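J.: My structure file entry03.csv, CSV, C-alpha atoms, is below:
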```csv
chain,number,residue,atom,x,y,z
A,586,GLY,CA,-7.0,-9.5,-14.4
A,587,GLU,CA,-10.3,-9.2,-12.7
A,588,ASN,CA,-11.7,-5.8,-11.8
A,589,VAL,CA,-14.6,-5.5,-9.4
A,590,GLU,CA,-16.5,-2.2,-8.9
A,591,GLN,CA,-19.0,-1.7,-6.1
A,592,HIS,CA,-21.6,1.0,-5.5
A,593,PRO,CA,-22.6,2.8,-3.5
A,594,SER,CA,-19.7,3.5,-1.2
A,595,THR,CA,-22.0,4.5,1.6
A,596,LEU,CA,-25.7,3.7,2.1
A,597,SER,CA,-28.0,5.0,4.8
A,598,VAL,CA,-31.5,3.4,5.2
A,599,GLN,CA,-34.2,3.6,7.8
A,600,GLU,CA,-34.8,0.5,9.9
A,601,GLY,CA,-37.2,-1.8,8.1
A,602,ASP,CA,-36.4,-0.5,4.7
A,603,SER,CA,-34.5,-2.5,2.0
A,604,ALA,CA,-30.9,-2.0,1.0
A,605,VAL,CA,-29.4,-2.8,-2.4
A,606,ILE,CA,-25.7,-2.9,-3.2
A,607,LYS,CA,-24.4,-3.5,-6.7
A,608,CYS,CA,-21.2,-4.8,-8.2
A,609,THR,CA,-19.8,-5.3,-11.7
A,610,TYR,CA,-17.0,-7.5,-12.7
A,611,SER,CA,-14.8,-7.6,-15.8
A,612,ASP,CA,-13.7,-11.2,-16.3
A,613,SER,CA,-16.3,-13.2,-18.2
A,614,ALA,CA,-14.7,-16.4,-16.8
A,615,SER,CA,-15.5,-15.5,-13.2
A,616,ASN,CA,-17.8,-18.2,-11.8
A,617,TYR,CA,-18.1,-17.6,-8.0
A,618,PHE,CA,-19.4,-14.4,-6.3
A,619,PRO,CA,-19.4,-14.2,-2.5
A,620,TRP,CA,-20.5,-11.3,-0.2
A,621,TYR,CA,-18.7,-10.6,3.0
A,622,LYS,CA,-19.8,-8.5,6.0
A,623,GLN,CA,-17.2,-6.7,8.1
A,624,GLU,CA,-18.4,-5.2,11.4
A,625,LEU,CA,-16.3,-2.5,13.0
A,626,GLY,CA,-13.0,-3.8,14.3
A,627,LYS,CA,-13.8,-7.4,13.2
A,628,ARG,CA,-12.7,-9.7,10.4
A,629,PRO,CA,-14.8,-10.2,7.3
A,630,GLN,CA,-17.4,-13.0,7.4
A,631,LEU,CA,-19.1,-14.7,4.5
A,632,ILE,CA,-22.9,-14.0,4.5
A,633,ILE,CA,-24.0,-15.4,1.1
A,634,ASP,CA,-22.5,-16.6,-2.2
A,635,ILE,CA,-23.7,-17.5,-5.7
A,636,ARG,CA,-22.3,-19.5,-8.6
A,637,SER,CA,-22.4,-18.6,-12.2
A,638,ASN,CA,-25.0,-21.3,-13.0
A,639,VAL,CA,-27.6,-19.7,-10.7
A,640,GLY,CA,-29.4,-16.4,-11.2
A,641,GLU,CA,-30.6,-15.8,-7.7
A,642,LYS,CA,-30.1,-17.1,-4.2
A,643,LYS,CA,-31.9,-16.3,-0.9
A,644,ASP,CA,-31.2,-16.8,2.7
A,645,GLN,CA,-33.8,-15.3,5.0
A,646,ARG,CA,-33.6,-11.5,4.7
A,647,ILE,CA,-30.6,-11.7,2.3
A,648,ALA,CA,-30.7,-12.4,-1.4
A,649,VAL,CA,-28.1,-12.1,-4.2
A,650,THR,CA,-28.9,-11.9,-7.9
A,651,LEU,CA,-26.5,-12.4,-10.8
A,652,ASN,CA,-26.7,-11.2,-14.4
A,653,LYS,CA,-23.9,-13.0,-16.3
A,654,THR,CA,-24.7,-11.2,-19.6
A,655,ALA,CA,-24.3,-7.8,-18.0
A,656,LYS,CA,-21.6,-9.0,-15.6
A,657,HIS,CA,-23.2,-7.6,-12.6
A,658,PHE,CA,-24.5,-8.9,-9.3
A,659,SER,CA,-26.4,-7.4,-6.4
A,660,LEU,CA,-27.0,-7.9,-2.7
A,661,HIS,CA,-30.5,-7.3,-1.4
A,662,ILE,CA,-31.2,-6.9,2.3
A,663,THR,CA,-34.9,-6.7,3.3
A,664,GLU,CA,-36.4,-5.5,6.6
A,665,THR,CA,-33.1,-4.0,7.7
A,666,GLN,CA,-32.1,-4.0,11.3
A,667,PRO,CA,-29.5,-2.0,13.3
A,668,GLU,CA,-27.3,-5.1,13.4
A,669,ASP,CA,-27.1,-5.0,9.6
A,670,SER,CA,-24.9,-1.9,10.0
A,671,ALA,CA,-21.5,-2.8,8.7
A,672,VAL,CA,-19.2,-2.7,5.6
A,673,TYR,CA,-20.2,-5.1,2.9
A,674,PHE,CA,-17.8,-6.4,0.3
A,675,CYS,CA,-18.6,-8.2,-3.0
A,676,ALA,CA,-16.0,-10.4,-4.6
A,677,ALA,CA,-15.5,-12.3,-7.8
A,678,ARG,CA,-13.4,-15.4,-8.5
A,679,GLY,CA,-11.8,-15.3,-11.9
A,680,GLY,CA,-9.3,-17.4,-13.7
A,681,GLY,CA,-6.7,-18.9,-11.5
A,682,ASN,CA,-9.1,-18.9,-8.5
A,683,LYS,CA,-7.9,-15.5,-7.3
A,684,LEU,CA,-10.7,-13.8,-5.3
A,685,THR,CA,-10.9,-10.0,-6.1
A,686,PHE,CA,-12.9,-7.8,-3.7
A,687,GLY,CA,-14.9,-4.7,-4.4
A,688,THR,CA,-14.1,-1.5,-2.5
A,689,GLY,CA,-16.9,-2.0,0.0
A,690,THR,CA,-20.1,-0.3,1.0
A,691,GLN,CA,-20.7,1.2,4.4
A,692,LEU,CA,-24.3,0.4,5.3
A,693,LYS,CA,-25.9,2.4,8.1
A,694,VAL,CA,-29.3,1.4,9.4
A,695,GLU,CA,-30.9,4.3,11.2
A,696,LEU,CA,-33.6,3.9,13.9
B,369,GLY,CA,-6.0,-24.5,15.8
B,370,ALA,CA,-9.7,-23.7,15.5
B,371,GLY,CA,-9.2,-20.7,13.2
B,372,VAL,CA,-6.7,-18.7,11.2
B,373,SER,CA,-4.0,-17.3,13.5
B,374,GLN,CA,-1.9,-14.2,12.7
B,375,SER,CA,1.0,-12.7,14.5
B,376,PRO,CA,1.9,-10.2,15.7
B,377,SER,CA,-1.5,-8.6,16.1
B,378,ASN,CA,0.2,-5.2,16.1
B,379,LYS,CA,3.6,-4.1,14.8
B,380,VAL,CA,5.1,-0.7,15.0
B,381,THR,CA,8.3,-0.2,13.1
B,382,GLU,CA,10.5,2.6,11.8
B,383,LYS,CA,10.7,3.6,8.2
B,384,GLY,CA,13.3,1.5,6.4
B,385,LYS,CA,13.1,-1.5,8.7
B,386,ASP,CA,12.1,-5.0,7.5
B,387,VAL,CA,9.1,-6.7,9.0
B,388,GLU,CA,7.7,-10.3,8.9
B,389,LEU,CA,4.1,-11.1,9.3
B,390,ARG,CA,3.0,-14.6,10.1
B,391,CYS,CA,-0.2,-16.6,9.2
B,392,ASP,CA,-1.1,-20.0,10.5
B,393,PRO,CA,-4.1,-21.3,8.4
B,394,ILE,CA,-6.7,-23.8,9.4
B,395,SER,CA,-5.3,-27.2,9.3
B,396,GLY,CA,-5.9,-29.0,6.0
B,397,HIS,CA,-6.7,-25.8,4.1
B,398,THR,CA,-4.7,-25.8,0.9
B,399,ALA,CA,-5.5,-22.3,-0.3
B,400,LEU,CA,-4.1,-19.2,1.5
B,401,TYR,CA,-4.6,-15.5,0.6
B,402,TRP,CA,-3.0,-12.3,1.9
B,403,TYR,CA,-4.9,-9.0,1.6
B,404,ARG,CA,-4.1,-5.5,2.7
B,405,GLN,CA,-6.8,-3.2,4.2
B,406,SER,CA,-5.9,0.5,4.6
B,407,LEU,CA,-8.0,2.6,7.0
B,408,GLY,CA,-11.5,2.7,5.8
B,409,GLN,CA,-10.6,1.1,2.5
B,410,GLY,CA,-11.3,-2.2,0.7
B,411,LEU,CA,-9.5,-5.5,0.6
B,412,GLU,CA,-6.5,-5.2,-1.6
B,413,PHE,CA,-5.3,-8.6,-3.0
B,414,LEU,CA,-1.6,-9.3,-2.4
B,415,ILE,CA,-0.8,-12.9,-3.1
B,416,TYR,CA,-2.5,-16.3,-3.3
B,417,PHE,CA,-1.1,-19.8,-2.6
B,418,GLN,CA,-2.9,-23.0,-3.8
B,419,GLY,CA,-1.4,-26.3,-2.8
B,420,ASN,CA,1.9,-26.9,-4.6
B,421,SER,CA,1.1,-24.6,-7.5
B,422,ALA,CA,3.2,-21.5,-8.2
B,423,PRO,CA,1.7,-18.6,-6.1
B,424,ASP,CA,-0.2,-15.8,-7.8
B,425,LYS,CA,1.9,-12.8,-6.9
B,426,SER,CA,0.1,-10.3,-9.1
B,427,GLY,CA,-1.1,-8.1,-6.2
B,428,LEU,CA,2.2,-7.5,-4.6
B,429,PRO,CA,2.7,-3.7,-4.8
B,430,SER,CA,6.5,-3.6,-5.2
B,431,ASP,CA,9.5,-5.9,-5.0
B,432,ARG,CA,9.9,-4.9,-1.4
B,433,PHE,CA,7.0,-7.3,-0.7
B,434,SER,CA,7.5,-11.1,-0.7
B,435,ALA,CA,5.7,-14.1,0.8
B,436,GLU,CA,6.4,-17.8,1.2
B,437,ARG,CA,4.4,-20.7,2.4
B,438,THR,CA,6.4,-23.5,3.9
B,439,GLY,CA,5.2,-27.1,3.9
B,440,GLY,CA,1.9,-26.0,2.5
B,441,SER,CA,0.9,-24.6,5.9
B,442,VAL,CA,2.4,-21.5,7.6
B,443,SER,CA,2.9,-18.4,5.5
B,444,THR,CA,5.2,-15.4,6.1
B,445,LEU,CA,4.7,-12.0,4.4
B,446,THR,CA,7.9,-10.0,4.4
B,447,ILE,CA,8.1,-6.3,3.7
B,448,GLN,CA,11.6,-4.9,3.3
B,449,ARG,CA,12.6,-1.3,3.8
B,450,THR,CA,9.1,-0.3,5.0
B,451,GLN,CA,7.6,3.0,4.0
B,452,GLN,CA,4.8,5.0,5.7
B,453,GLU,CA,2.4,4.0,2.9
B,454,ASP,CA,2.8,0.4,4.0
B,455,SER,CA,0.8,1.2,7.1
B,456,ALA,CA,-2.4,-0.9,7.0
B,457,VAL,CA,-4.0,-4.0,8.4
B,458,TYR,CA,-2.7,-7.2,6.7
B,459,LEU,CA,-5.2,-9.9,6.6
B,460,CYS,CA,-4.6,-13.6,5.9
B,461,ALA,CA,-7.4,-16.0,4.9
B,462,SER,CA,-7.5,-19.7,4.1
B,463,THR,CA,-10.0,-22.0,2.4
B,464,SER,CA,-10.1,-25.7,1.7
B,465,GLY,CA,-9.6,-24.9,-1.9
B,466,THR,CA,-12.1,-27.5,-3.1
B,467,PHE,CA,-15.4,-27.0,-5.0
B,468,GLY,CA,-18.0,-26.0,-2.4
B,469,GLY,CA,-15.3,-25.0,0.0
B,470,GLU,CA,-14.5,-21.6,-1.2
B,471,LYS,CA,-15.5,-19.8,2.0
B,472,LEU,CA,-12.6,-17.6,3.2
B,473,PHE,CA,-11.8,-17.9,6.9
B,474,PHE,CA,-10.0,-14.7,7.8
B,475,GLY,CA,-7.5,-14.2,10.6
B,476,SER,CA,-7.8,-11.2,12.9
B,477,GLY,CA,-5.1,-9.4,11.0
B,478,THR,CA,-1.8,-7.6,11.8
B,479,GLN,CA,-2.0,-3.8,12.2
B,480,LEU,CA,1.2,-2.5,10.8
B,481,SER,CA,2.3,1.1,11.6
B,482,VAL,CA,5.3,2.5,10.0
B,483,LEU,CA,6.6,5.7,11.7
```
For the structure just supplied, provide its representation as structure tokens.
T.:
Amino acid sequence: GENVEQHPSTLSVQEGDSAVIKCTYSDSASNYFPWYKQELGKRPQLIIDIRSNVGEKKDQRIAVTLNKTAKHFSLHITETQPEDSAVYFCAARGGGNKLTFGTGTQLKVEL
Amino acid sequence: GAGVSQSPSNKVTEKGKDVELRCDPISGHTALYWYRQSLGQGLEFLIYFQGNSAPDKSGLPSDRFSAERTGGSVSTLTIQRTQQEDSAVYLCASTSGTFGGEKLFFGSGTQLSVL
């Protein structure tokens, strides 16, 4: 089955700096890669996603890149703000449409 | 309803008891997932239902865990003979299941505490 690894587990940045979170996946048939943000005490929310036929996607301060050959994808957040502090999860959808999540990254944006 | 509804929101039980957790997905959503989230941990896949297809049960941790989805809508996750390590937040999510409709809508979860 699909295995998704995520790094780092914790990330601390200064407000205004960029943050990068990286994930790798094992199933070469995976074709959909979403990112979810979970604020403390709340449910996960989709923030951006990318399909296997696209190499990069941007939405304001957030971007995701995908390298199918290397089987890894990354989340980039620019000009970080305190409200970006949360746990971020990557995920990959492999065969059978099962969505497997990474272990999460605790992002802390310091003033 | 407007979103995914889960009940109960909190459940405290004694070790060895059975529990049932309920998920009411968004109307019309054909795909439904159950995940488990232990304190400070990631989202552990448990089971996935898609329409009338056989469910993907590959994430269920033991035969004490089972789930069903009646009429393609409401789902119930049952844990028999609960153990302390079952304590976690159990999250349900649904999607339309169609291409372009893969966004998961999560419920607020059931916090299960096994004493």
J.: Report, in Å to a single decimal, how far apart atom CA of Phe618 of chain A and atom CA of Ser637 of chain A are.
T.: 7.8 Å
J.: Hey, list the chain A side of the contact with chain B: 7 Å cut-off, all atoms listed in the file, answer as an MDAnalysis selection string.
T.: chainID A and resid 628:629 631 683 685:689
J.: Please, could you write that set of residues out with C-alpha atoms as a PDB file, in the frame of the given file?
T.:
```
ATOM      1  CA  ARG A 628     -12.700  -9.700  10.400  1.00  0.00           C
ATOM      2  CA  PRO A 629     -14.800 -10.200   7.300  1.00  0.00           C
ATOM      3  CA  LEU A 631     -19.100 -14.700   4.500  1.00  0.00           C
ATOM      4  CA  LYS A 683      -7.900 -15.500  -7.300  1.00  0.00           C
ATOM      5  CA  THR A 685     -10.900 -10.000  -6.100  1.00  0.00           C
ATOM      6  CA  PHE A 686     -12.900  -7.800  -3.700  1.00  0.00           C
ATOM      7  CA  GLY A 687     -14.900  -4.700  -4.400  1.00  0.00           C
ATOM      8  CA  THR A 688     -14.100  -1.500  -2.500  1.00  0.00           C
ATOM      9  CA  GLY A 689     -16.900  -2.000   0.000  1.00  0.00           C
TER      10      GLY A 689
END
```
J.: Between A:Ile606, A:Ala655, A:Ile662, A:Ala677, which residue has the minimum interatomic distance to Thr690 of chain A, considering only C-alpha atoms?
T.: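 Among A:Ile606, A:Ala655, A:Ile662, A:Ala677, it is A:Ile606 that comes nearest to Thr690 of chain A.
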J.: If you count all atoms listed in the file, which residues fall within 6 Å of Thr650 of chain A, apart from same-chain ones fewer than 2 positions away, as number ranges by chain?
T.: A: 640-641, 658-659
J.: Please dump the current selection as a short mmCIF file (atom, residue, chain, number, x, y, z; two decimals), in the frame of the given file; keep C-alpha atoms.
T.:
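The result, stored in selection-v9.cif:
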```cif
data_model
loop_
_atom_site.label_atom_id
_atom_site.label_comp_id
_atom_site.auth_asym_id
_atom_site.auth_seq_id
_atom_site.Cartn_x
_atom_site.Cartn_y
_atom_site.Cartn_z
CA GLY A 640 -29.40 -16.40 -11.20
CA GLU A 641 -30.60 -15.80 -7.70
CA PHE A 658 -24.50 -8.90 -9.30
CA SER A 659 -26.40 -7.40 -6.40
#
```
J.: Rank nothing, just name the residue among B:Ser377, B:Arg449, B:Tyr458, B:Gly419 nearest to Gly396 of chain B, using only C-alpha atoms.
T.: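 Of all the options, B:Gly419 lies closest to Gly396 of chain B.
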J.: Quick one: residues within 8 Å of (-19.1, -13.7, -5.1) (file frame), counting all atoms listed in the file, please, as a PyMOL selection string.
T.: chain A and resi 617-620+634-636+675-678
J.: In terms of the shortest atom-to-atom distance over only C-alpha atoms, which of B:Trp402, B:Val442, B:Asp392, B:Gln451 is closest to Leu428 of chain B?
T.: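 Distance minimum relative to Leu428 of chain B lands on B:Trp402.
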J.: So how many Å separate atom CA of Ser375 of chain B and atom CA of Gln691 of chain A, to one decimal?
T.: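 Distance between the two atoms: 27.7 Å.
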J.: Atom CA of Tyr621 of chain A and atom CA of Lys643 of chain A, how far apart in Å?
T.: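 That distance, rounded to one decimal, is 14.9 Å.
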J.: For Arg390 of chain B, please output as a list in words all residues within 9 Å (counting only C-alpha atoms; exclusion window: fewer than 5 positions along the same chain).
T.: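 Listing them by chain and then by number gives Ser373, Gln374, Ser375, Pro376, Val442, Ser443, Thr444, Leu445, Thr446, Cys460 and Thr478 of chain B.
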J.: May I have the residues from that selection written out with C-alpha atoms, as an mmCIF file, keeping the file's coordinate frame?
T.:
```cif
data_model
loop_
_atom_site.group_PDB
_atom_site.id
_atom_site.type_symbol
_atom_site.label_atom_id
_atom_site.label_comp_id
_atom_site.auth_asym_id
_atom_site.auth_seq_id
_atom_site.Cartn_x
_atom_site.Cartn_y
_atom_site.Cartn_z
ATOM 1 C CA SER B 373 -4.000 -17.300 13.500
ATOM 2 C CA GLN B 374 -1.900 -14.200 12.700
ATOM 3 C CA SER B 375 1.000 -12.700 14.500
ATOM 4 C CA PRO B 376 1.900 -10.200 15.700
ATOM 5 C CA VAL B 442 2.400 -21.500 7.600
ATOM 6 C CA SER B 443 2.900 -18.400 5.500
ATOM 7 C CA THR B 444 5.200 -15.400 6.100
ATOM 8 C CA LEU B 445 4.700 -12.000 4.400
ATOM 9 C CA THR B 446 7.900 -10.000 4.400
ATOM 10 C CA CYS B 460 -4.600 -13.600 5.900
ATOM 11 C CA THR B 478 -1.800 -7.600 11.800
#
```
